[in-house]
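Data block for start_3.cif (mmCIF, N, CA and C atoms):
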data_data
loop_
_atom_site.label_atom_id
_atom_site.label_comp_id
_atom_site.auth_asym_id
_atom_site.auth_seq_id
_atom_site.Cartn_x
_atom_site.Cartn_y
_atom_site.Cartn_z
N MET A 1 -40.19 -212.96 -96.36
CA MET A 1 -40.91 -213.49 -95.22
C MET A 1 -40.53 -214.94 -94.95
N ALA A 2 -40.42 -215.73 -96.03
CA ALA A 2 -39.98 -217.12 -95.91
C ALA A 2 -39.35 -217.52 -97.24
N SER A 3 -38.22 -218.24 -97.17
CA SER A 3 -37.49 -218.55 -98.39
C SER A 3 -37.55 -220.02 -98.78
N ASN A 4 -38.21 -220.85 -97.96
CA ASN A 4 -38.36 -222.26 -98.33
C ASN A 4 -39.63 -222.83 -97.69
N ILE A 5 -40.00 -224.01 -98.12
CA ILE A 5 -41.27 -224.61 -97.67
C ILE A 5 -41.28 -224.85 -96.17
N HIS A 6 -40.13 -225.17 -95.58
CA HIS A 6 -40.10 -225.43 -94.13
C HIS A 6 -40.38 -224.15 -93.33
N GLU A 7 -39.81 -223.03 -93.76
CA GLU A 7 -40.09 -221.75 -93.09
C GLU A 7 -41.56 -221.36 -93.25
N VAL A 8 -42.11 -221.61 -94.43
CA VAL A 8 -43.52 -221.29 -94.67
C VAL A 8 -44.40 -222.09 -93.73
N LEU A 9 -44.21 -223.40 -93.69
CA LEU A 9 -45.07 -224.26 -92.87
C LEU A 9 -44.86 -224.05 -91.37
N ASP A 10 -43.63 -223.72 -90.97
CA ASP A 10 -43.33 -223.52 -89.54
C ASP A 10 -43.90 -222.20 -89.00
N ASN A 11 -44.04 -221.19 -89.87
CA ASN A 11 -44.39 -219.85 -89.39
C ASN A 11 -45.75 -219.32 -89.83
N PHE A 12 -46.43 -220.03 -90.74
CA PHE A 12 -47.70 -219.52 -91.26
C PHE A 12 -48.74 -220.64 -91.33
N ASP A 13 -49.98 -220.28 -91.06
CA ASP A 13 -51.11 -221.19 -91.13
C ASP A 13 -52.09 -220.61 -92.15
N PHE A 14 -52.28 -221.29 -93.25
CA PHE A 14 -53.13 -220.76 -94.31
C PHE A 14 -54.58 -221.22 -94.22
N THR A 15 -54.93 -221.89 -93.12
CA THR A 15 -56.32 -222.31 -92.91
C THR A 15 -57.22 -221.07 -92.89
N ASP A 16 -58.31 -221.12 -93.62
CA ASP A 16 -59.32 -220.06 -93.73
C ASP A 16 -58.83 -218.83 -94.50
N SER A 17 -57.63 -218.86 -95.05
CA SER A 17 -57.19 -217.79 -95.93
C SER A 17 -57.81 -218.01 -97.31
N ILE A 18 -58.07 -216.93 -98.02
CA ILE A 18 -58.80 -217.03 -99.28
C ILE A 18 -57.87 -216.69 -100.44
N VAL A 19 -57.87 -217.55 -101.46
CA VAL A 19 -57.09 -217.31 -102.67
C VAL A 19 -57.72 -216.15 -103.42
N THR A 20 -56.93 -215.11 -103.69
CA THR A 20 -57.45 -213.94 -104.41
C THR A 20 -56.88 -213.80 -105.81
N ASP A 21 -55.77 -214.47 -106.09
CA ASP A 21 -55.15 -214.37 -107.41
C ASP A 21 -54.21 -215.55 -107.60
N ILE A 22 -54.12 -216.01 -108.84
CA ILE A 22 -53.17 -217.06 -109.18
C ILE A 22 -52.71 -216.80 -110.61
N ARG A 23 -51.39 -216.88 -110.80
CA ARG A 23 -50.84 -216.60 -112.14
C ARG A 23 -49.43 -217.16 -112.26
N TRP A 24 -48.99 -217.29 -113.50
CA TRP A 24 -47.62 -217.70 -113.78
C TRP A 24 -46.73 -216.46 -113.82
N GLU A 25 -45.52 -216.58 -113.24
CA GLU A 25 -44.55 -215.49 -113.24
C GLU A 25 -43.20 -216.01 -113.69
N ASN A 26 -42.24 -215.09 -113.83
CA ASN A 26 -40.85 -215.45 -114.13
C ASN A 26 -40.76 -216.37 -115.34
N ASN A 27 -41.20 -215.86 -116.48
CA ASN A 27 -41.16 -216.62 -117.73
C ASN A 27 -41.95 -217.93 -117.64
N LEU A 28 -43.04 -217.89 -116.92
CA LEU A 28 -43.95 -219.03 -116.75
C LEU A 28 -43.31 -220.22 -116.02
N LEU A 29 -42.34 -219.96 -115.16
CA LEU A 29 -41.71 -221.02 -114.39
C LEU A 29 -42.21 -221.09 -112.95
N ASP A 30 -42.64 -219.95 -112.42
CA ASP A 30 -43.09 -219.89 -111.03
C ASP A 30 -44.61 -219.66 -110.99
N LEU A 31 -45.30 -220.48 -110.23
CA LEU A 31 -46.73 -220.31 -110.05
C LEU A 31 -46.93 -219.49 -108.78
N ALA A 32 -47.55 -218.32 -108.92
CA ALA A 32 -47.76 -217.42 -107.78
C ALA A 32 -49.22 -217.46 -107.36
N LEU A 33 -49.44 -217.70 -106.09
CA LEU A 33 -50.78 -217.78 -105.53
C LEU A 33 -50.88 -216.74 -104.42
N VAL A 34 -51.77 -215.76 -104.57
CA VAL A 34 -51.94 -214.71 -103.56
C VAL A 34 -53.13 -215.07 -102.69
N VAL A 35 -52.94 -214.95 -101.37
CA VAL A 35 -54.02 -215.24 -100.43
C VAL A 35 -54.26 -214.04 -99.51
N ASP A 36 -55.51 -213.87 -99.13
CA ASP A 36 -55.89 -212.92 -98.10
C ASP A 36 -55.67 -213.67 -96.78
N TYR A 37 -54.62 -213.29 -96.03
CA TYR A 37 -54.16 -214.06 -94.89
C TYR A 37 -55.06 -213.83 -93.67
N TYR A 38 -55.94 -214.77 -93.40
CA TYR A 38 -56.96 -214.69 -92.35
C TYR A 38 -56.39 -214.47 -90.96
N TRP A 39 -55.28 -215.08 -90.62
CA TRP A 39 -54.79 -215.08 -89.25
C TRP A 39 -54.31 -213.73 -88.78
N ASP A 40 -54.11 -212.76 -89.68
CA ASP A 40 -53.75 -211.41 -89.23
C ASP A 40 -54.83 -210.83 -88.33
N ILE A 41 -56.09 -211.04 -88.67
CA ILE A 41 -57.20 -210.53 -87.85
C ILE A 41 -57.22 -211.25 -86.49
N GLN A 42 -56.96 -212.55 -86.50
CA GLN A 42 -56.94 -213.31 -85.25
C GLN A 42 -55.80 -212.89 -84.33
N GLU A 43 -54.75 -212.35 -84.90
CA GLU A 43 -53.60 -211.91 -84.10
C GLU A 43 -53.68 -210.44 -83.72
N GLY A 44 -54.87 -209.81 -83.91
CA GLY A 44 -55.09 -208.47 -83.42
C GLY A 44 -54.86 -207.34 -84.41
N LEU A 45 -54.49 -207.65 -85.63
CA LEU A 45 -54.32 -206.58 -86.62
C LEU A 45 -55.69 -206.11 -87.10
N SER A 46 -55.75 -204.88 -87.60
CA SER A 46 -57.04 -204.32 -88.02
C SER A 46 -57.44 -204.78 -89.42
N LYS A 47 -56.50 -205.25 -90.21
CA LYS A 47 -56.84 -205.77 -91.54
C LYS A 47 -55.85 -206.87 -91.91
N THR A 48 -56.22 -207.62 -92.93
CA THR A 48 -55.39 -208.74 -93.35
C THR A 48 -54.36 -208.29 -94.38
N ARG A 49 -53.31 -209.08 -94.51
CA ARG A 49 -52.29 -208.84 -95.53
C ARG A 49 -52.57 -209.75 -96.73
N GLN A 50 -52.10 -209.33 -97.88
CA GLN A 50 -52.09 -210.17 -99.07
C GLN A 50 -50.71 -210.80 -99.14
N LEU A 51 -50.65 -212.12 -99.03
CA LEU A 51 -49.38 -212.84 -99.07
C LEU A 51 -49.30 -213.66 -100.35
N LYS A 52 -48.12 -213.65 -100.96
CA LYS A 52 -47.91 -214.39 -102.20
C LYS A 52 -47.07 -215.64 -101.93
N LEU A 53 -47.67 -216.81 -102.15
CA LEU A 53 -46.95 -218.06 -102.14
C LEU A 53 -46.42 -218.28 -103.55
N LYS A 54 -45.13 -218.46 -103.66
CA LYS A 54 -44.55 -218.67 -104.99
C LYS A 54 -43.99 -220.09 -105.05
N PHE A 55 -44.57 -220.90 -105.94
CA PHE A 55 -44.11 -222.26 -106.19
C PHE A 55 -43.01 -222.15 -107.25
N ILE A 56 -41.77 -222.28 -106.82
CA ILE A 56 -40.61 -221.99 -107.66
C ILE A 56 -40.29 -223.16 -108.58
N ASN A 57 -40.00 -222.82 -109.85
CA ASN A 57 -39.68 -223.82 -110.88
C ASN A 57 -40.72 -224.93 -110.91
N CYS A 58 -41.95 -224.53 -111.00
CA CYS A 58 -43.08 -225.45 -111.00
C CYS A 58 -43.14 -226.20 -112.34
N ILE A 59 -43.02 -227.52 -112.30
CA ILE A 59 -43.08 -228.28 -113.55
C ILE A 59 -44.44 -228.91 -113.78
N LYS A 60 -45.30 -228.90 -112.76
CA LYS A 60 -46.64 -229.47 -112.90
C LYS A 60 -47.58 -228.78 -111.92
N ALA A 61 -48.76 -228.42 -112.40
CA ALA A 61 -49.78 -227.82 -111.55
C ALA A 61 -51.13 -228.36 -112.01
N ASP A 62 -51.82 -229.05 -111.11
CA ASP A 62 -53.15 -229.60 -111.41
C ASP A 62 -54.17 -228.93 -110.51
N PHE A 63 -55.29 -228.52 -111.12
CA PHE A 63 -56.39 -227.91 -110.39
C PHE A 63 -57.60 -228.83 -110.48
N GLN A 64 -58.31 -228.99 -109.36
CA GLN A 64 -59.55 -229.75 -109.32
C GLN A 64 -60.64 -228.82 -108.82
N ILE A 65 -61.49 -228.38 -109.73
CA ILE A 65 -62.56 -227.46 -109.35
C ILE A 65 -63.89 -228.16 -109.58
N LYS A 66 -64.71 -228.21 -108.52
CA LYS A 66 -66.00 -228.89 -108.61
C LYS A 66 -66.93 -228.18 -109.58
N LYS A 67 -67.73 -228.95 -110.28
CA LYS A 67 -68.66 -228.39 -111.26
C LYS A 67 -69.93 -227.85 -110.61
N ASP A 68 -70.25 -228.31 -109.42
CA ASP A 68 -71.53 -227.95 -108.80
C ASP A 68 -71.43 -226.79 -107.80
N ILE A 69 -70.48 -225.90 -107.99
CA ILE A 69 -70.35 -224.74 -107.10
C ILE A 69 -71.46 -223.75 -107.42
N LEU A 70 -72.17 -223.34 -106.40
CA LEU A 70 -73.26 -222.39 -106.58
C LEU A 70 -72.75 -220.96 -106.47
N PRO A 71 -73.34 -220.04 -107.20
CA PRO A 71 -72.93 -218.64 -107.05
C PRO A 71 -73.26 -218.13 -105.66
N LEU A 72 -72.48 -217.17 -105.18
CA LEU A 72 -72.73 -216.60 -103.86
C LEU A 72 -74.05 -215.84 -103.84
N SER A 73 -74.72 -215.91 -102.71
CA SER A 73 -75.99 -215.23 -102.55
C SER A 73 -75.97 -214.47 -101.24
N GLU A 74 -76.65 -213.35 -101.18
CA GLU A 74 -76.68 -212.56 -99.95
C GLU A 74 -77.42 -213.29 -98.83
N GLU A 75 -78.29 -214.24 -99.16
CA GLU A 75 -79.03 -214.98 -98.13
C GLU A 75 -78.18 -216.05 -97.47
N ILE A 76 -77.11 -216.47 -98.11
CA ILE A 76 -76.27 -217.54 -97.58
C ILE A 76 -75.06 -216.92 -96.89
N ILE A 77 -74.86 -217.28 -95.63
CA ILE A 77 -73.73 -216.77 -94.86
C ILE A 77 -72.80 -217.93 -94.55
N ASN A 78 -71.49 -217.66 -94.56
CA ASN A 78 -70.47 -218.67 -94.26
C ASN A 78 -70.54 -219.87 -95.19
N THR A 79 -70.79 -219.63 -96.43
CA THR A 79 -70.84 -220.74 -97.38
C THR A 79 -69.43 -221.23 -97.68
N ASP A 80 -69.31 -222.52 -97.99
CA ASP A 80 -68.02 -223.07 -98.37
C ASP A 80 -67.59 -222.46 -99.70
N SER A 81 -66.32 -222.25 -99.85
CA SER A 81 -65.79 -221.66 -101.07
C SER A 81 -64.66 -222.52 -101.61
N CYS A 82 -64.61 -222.66 -102.91
CA CYS A 82 -63.51 -223.42 -103.50
C CYS A 82 -62.22 -222.62 -103.43
N TYR A 83 -62.24 -221.40 -102.91
CA TYR A 83 -61.04 -220.58 -102.79
C TYR A 83 -60.60 -220.38 -101.33
N THR A 84 -61.28 -221.00 -100.38
CA THR A 84 -60.91 -220.90 -98.98
C THR A 84 -60.11 -222.12 -98.57
N ASN A 85 -58.89 -221.91 -98.14
CA ASN A 85 -57.98 -223.00 -97.79
C ASN A 85 -58.43 -223.70 -96.52
N VAL A 86 -58.36 -225.02 -96.53
CA VAL A 86 -58.59 -225.79 -95.32
C VAL A 86 -57.35 -226.60 -94.92
N LEU A 87 -56.45 -226.83 -95.89
CA LEU A 87 -55.23 -227.60 -95.59
C LEU A 87 -54.18 -227.28 -96.64
N PHE A 88 -52.94 -227.09 -96.18
CA PHE A 88 -51.79 -226.82 -97.04
C PHE A 88 -50.70 -227.76 -96.57
N LYS A 89 -50.21 -228.66 -97.43
CA LYS A 89 -49.23 -229.64 -96.96
C LYS A 89 -48.27 -230.07 -98.05
N VAL A 90 -47.15 -230.64 -97.61
CA VAL A 90 -46.18 -231.27 -98.50
C VAL A 90 -46.47 -232.75 -98.48
N ASN A 91 -46.55 -233.35 -99.65
CA ASN A 91 -46.83 -234.78 -99.77
C ASN A 91 -45.64 -235.43 -100.47
N ASN A 92 -44.67 -235.90 -99.68
CA ASN A 92 -43.47 -236.50 -100.26
C ASN A 92 -43.52 -238.01 -100.34
N GLU A 93 -44.62 -238.61 -99.94
CA GLU A 93 -44.75 -240.06 -99.95
C GLU A 93 -45.78 -240.49 -100.99
N ASN A 94 -45.48 -240.30 -102.26
CA ASN A 94 -46.46 -240.70 -103.27
C ASN A 94 -45.80 -241.08 -104.58
N ASP A 95 -46.58 -241.63 -105.47
CA ASP A 95 -46.07 -242.10 -106.75
C ASP A 95 -45.76 -240.97 -107.72
N LEU A 96 -46.34 -239.79 -107.52
CA LEU A 96 -46.11 -238.68 -108.43
C LEU A 96 -44.63 -238.29 -108.45
N LEU A 97 -44.00 -238.21 -107.28
CA LEU A 97 -42.58 -237.87 -107.23
C LEU A 97 -41.74 -238.98 -107.85
N LYS A 98 -42.12 -240.23 -107.62
CA LYS A 98 -41.39 -241.35 -108.22
C LYS A 98 -41.55 -241.34 -109.74
N GLN A 99 -42.74 -240.99 -110.21
CA GLN A 99 -43.01 -240.96 -111.65
C GLN A 99 -42.10 -239.97 -112.36
N TYR A 100 -41.91 -238.78 -111.79
CA TYR A 100 -41.08 -237.78 -112.43
C TYR A 100 -39.60 -238.01 -112.16
N GLY A 101 -39.28 -238.65 -111.04
CA GLY A 101 -37.91 -239.08 -110.76
C GLY A 101 -36.87 -237.97 -110.72
N ILE A 102 -37.27 -236.75 -110.50
CA ILE A 102 -36.31 -235.65 -110.42
C ILE A 102 -36.03 -235.38 -108.95
N MET A 103 -34.78 -235.48 -108.57
CA MET A 103 -34.41 -235.28 -107.18
C MET A 103 -34.67 -233.83 -106.75
N GLY A 104 -35.10 -233.65 -105.53
CA GLY A 104 -35.28 -232.33 -104.97
C GLY A 104 -36.64 -231.70 -105.21
N LEU A 105 -37.52 -232.36 -105.96
CA LEU A 105 -38.86 -231.81 -106.16
C LEU A 105 -39.71 -232.00 -104.92
N LYS A 106 -40.64 -231.08 -104.73
CA LYS A 106 -41.59 -231.16 -103.63
C LYS A 106 -42.99 -231.23 -104.22
N HIS A 107 -43.78 -232.13 -103.70
CA HIS A 107 -45.19 -232.24 -104.10
C HIS A 107 -46.01 -231.53 -103.03
N ILE A 108 -46.60 -230.39 -103.41
CA ILE A 108 -47.32 -229.57 -102.45
C ILE A 108 -48.79 -229.53 -102.85
N GLU A 109 -49.65 -229.71 -101.85
CA GLU A 109 -51.09 -229.76 -102.10
C GLU A 109 -51.81 -228.72 -101.25
N LEU A 110 -52.82 -228.10 -101.86
CA LEU A 110 -53.66 -227.14 -101.19
C LEU A 110 -55.11 -227.63 -101.32
N PHE A 111 -55.78 -227.80 -100.20
CA PHE A 111 -57.14 -228.32 -100.17
C PHE A 111 -58.11 -227.20 -99.83
N THR A 112 -59.29 -227.26 -100.45
CA THR A 112 -60.31 -226.25 -100.15
C THR A 112 -61.60 -226.94 -99.68
N LEU A 113 -62.41 -227.43 -100.57
CA LEU A 113 -63.70 -228.02 -100.19
C LEU A 113 -63.62 -229.47 -99.75
N ASP A 114 -62.63 -230.19 -100.22
CA ASP A 114 -62.58 -231.64 -100.05
C ASP A 114 -61.21 -232.05 -99.51
N TYR A 115 -61.18 -232.67 -98.33
CA TYR A 115 -59.91 -233.10 -97.74
C TYR A 115 -59.30 -234.29 -98.48
N SER A 116 -60.08 -234.98 -99.30
CA SER A 116 -59.56 -236.15 -99.99
C SER A 116 -58.98 -235.82 -101.37
N LYS A 117 -59.29 -234.65 -101.90
CA LYS A 117 -58.84 -234.27 -103.23
C LYS A 117 -58.35 -232.82 -103.21
N PRO A 118 -57.06 -232.59 -103.51
CA PRO A 118 -56.56 -231.21 -103.44
C PRO A 118 -57.14 -230.33 -104.54
N TRP A 119 -57.38 -229.06 -104.20
CA TRP A 119 -57.79 -228.06 -105.19
C TRP A 119 -56.61 -227.75 -106.10
N LEU A 120 -55.39 -227.68 -105.52
CA LEU A 120 -54.18 -227.45 -106.28
C LEU A 120 -53.13 -228.47 -105.85
N SER A 121 -52.51 -229.10 -106.82
CA SER A 121 -51.42 -230.03 -106.58
C SER A 121 -50.26 -229.61 -107.48
N THR A 122 -49.09 -229.35 -106.89
CA THR A 122 -47.95 -228.87 -107.67
C THR A 122 -46.71 -229.72 -107.43
N LEU A 123 -45.85 -229.74 -108.43
CA LEU A 123 -44.49 -230.26 -108.31
C LEU A 123 -43.57 -229.08 -108.58
N CYS A 124 -42.74 -228.74 -107.59
CA CYS A 124 -41.86 -227.58 -107.73
C CYS A 124 -40.58 -227.83 -106.95
N SER A 125 -39.60 -226.95 -107.17
CA SER A 125 -38.33 -227.12 -106.46
C SER A 125 -38.42 -226.59 -105.02
N ASP A 126 -39.23 -225.56 -104.79
CA ASP A 126 -39.41 -225.03 -103.44
C ASP A 126 -40.54 -224.00 -103.44
N VAL A 127 -40.78 -223.42 -102.27
CA VAL A 127 -41.83 -222.41 -102.11
C VAL A 127 -41.24 -221.23 -101.35
N SER A 128 -41.62 -220.03 -101.77
CA SER A 128 -41.23 -218.84 -101.02
C SER A 128 -42.49 -218.06 -100.68
N LEU A 129 -42.38 -217.14 -99.75
CA LEU A 129 -43.52 -216.34 -99.33
C LEU A 129 -43.11 -214.89 -99.21
N GLU A 130 -43.93 -213.99 -99.78
CA GLU A 130 -43.65 -212.56 -99.66
C GLU A 130 -44.97 -211.81 -99.52
N GLU A 131 -44.88 -210.63 -98.94
CA GLU A 131 -46.07 -209.78 -98.81
C GLU A 131 -46.27 -208.99 -100.09
N VAL A 132 -47.52 -208.92 -100.54
CA VAL A 132 -47.85 -208.13 -101.72
C VAL A 132 -48.10 -206.70 -101.25
N LYS A 133 -47.43 -205.77 -101.84
CA LYS A 133 -47.55 -204.37 -101.42
C LYS A 133 -48.46 -203.62 -102.35
#
Hey, can you dump this file as structure tokens for me?
Amino acid sequence: MASNIHEVLDNFDFTDSIVTDIRWENNLLDLALVVDYYWDIQEGLSKTRQLKLKFINCIKADFQIKKDILPLSEEIINTDSCYTNVLFKVNNENDLLKQYGIMGLKHIELFTLDYSKPWLSTLCSDVSLEEVK
């Protein structure tokens, strides 16, 4: 579906998509994040697809999960979720890339509840996207 971060960002919007699975693959070098792709419903499809974002040759992955997340309740509708994406971006202007000093790395951040602090921050060589069958 997409073989690099530019194709992913140019052709897909992960806003309101929900993370359903995350795991290490390929001898623990690639971090795979599966999302329920929300925009399929907005584009007229009857159901959403499961899309896998693969952070290739990931050398660093940091997660920030809030401690005060409440369990879901049937009385609460449209509650914020630490697994619902609000922003997905490449951050190439920071000290983290300079600290590691490896050419060609991409610093990619995924935000959920807080726009000031990413839920997931990765350093990887690139990102690919495929549909989970």
Excluding same-chain residues fewer than 2 positions from Pro118 of chain A, what lies within 8 Å of it counting all atoms listed in the file, as a list in words?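 My reading of the contact set: Asp62, Phe63, Gln64, Ile65, Ile108, Glu109, Leu110, Phe111, Thr112, Leu113, Asp114, Tyr115, Ser116, Leu120 and Ser121 of chain A.
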Using the chain letters and numbering of this document, enumerate as number ranges by chain the residues selected by the PyMOL selection byres ((chain A and resi 5) around 8). A: 2-4, 6-11, 125-129
Could the residues of segment 46-68 of chain A that have an atom at most 5 Å from segment 22-34 of chain A be listed as a tab-separated table, each with its closest atom pair and the distance in Å to one decimal, counting only N, CA and C atoms and ordered by chain and ascending residue number?
residue	atom	partner	partner_atom	distance
A:Leu51	C	A:Val34	CA	4.3
A:Lys52	CA	A:Val34	CA	4.3
A:Leu53	N	A:Leu33	C	3.9
A:Lys54	CA	A:Ala32	CA	4.4
A:Phe55	N	A:Leu31	C	4.0
A:Ile56	CA	A:Asp30	CA	4.7
A:Asn57	N	A:Leu29	C	4.2
A:Cys58	N	A:Leu29	C	4.0
Might you spell out which residues the PyMOL selection byres ((chain A and resi 83-90) around 7) would select in the displayed file, as JSON, numbers by chain? {"A": [14, 15, 16, 17, 18, 19, 20, 80, 81, 82, 91, 92, 93, 106, 107, 108, 109, 110, 111, 112, 113]}
Could you jot down the atom N of Lys60 of chain A to atom CA of Val35 of chain A separation for me, Å, one decimal place? 20.4 Å
Calculate how many Å separate atom CA of Lys47 of chain A from atom CA of Thr122 of chain A, rounding to one decimal.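 Separation between atom CA of Lys47 of chain A and atom CA of Thr122 of chain A: 29.5 Å.
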Run DSSP on the backbone and tell me which residues of chain A come out as strand (DSSP E or B); list them as a ChimeraX atom specification. /A:2,18-25,30-37,49-56,60-63,84,87-90,106-111,120-124,126-131
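If you look at atom N of Met103 of chain A and atom N of Phe12 of chain A, they are 26.3 Å away from each other.
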Quick check for you: according to DSSP on this backbone, which residues of segment 13-58 of chain A are classed as alpha helix (DSSP H)? Reply as a PDB file with N, CA and C atoms, in the frame of the given file.
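result23.pdb written:
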ATOM      1  N   TRP A  39     -55.280-215.080 -90.620  1.00  0.00           N
ATOM      2  CA  TRP A  39     -54.790-215.080 -89.250  1.00  0.00           C
ATOM      3  C   TRP A  39     -54.310-213.730 -88.780  1.00  0.00           C
ATOM      4  N   ASP A  40     -54.110-212.760 -89.680  1.00  0.00           N
ATOM      5  CA  ASP A  40     -53.750-211.410 -89.230  1.00  0.00           C
ATOM      6  C   ASP A  40     -54.830-210.830 -88.330  1.00  0.00           C
ATOM      7  N   ILE A  41     -56.090-211.040 -88.670  1.00  0.00           N
ATOM      8  CA  ILE A  41     -57.200-210.530 -87.850  1.00  0.00           C
ATOM      9  C   ILE A  41     -57.220-211.250 -86.490  1.00  0.00           C
ATOM     10  N   GLN A  42     -56.960-212.550 -86.500  1.00  0.00           N
ATOM     11  CA  GLN A  42     -56.940-213.310 -85.250  1.00  0.00           C
ATOM     12  C   GLN A  42     -55.800-212.890 -84.330  1.00  0.00           C
TER      13      GLN A  42
END
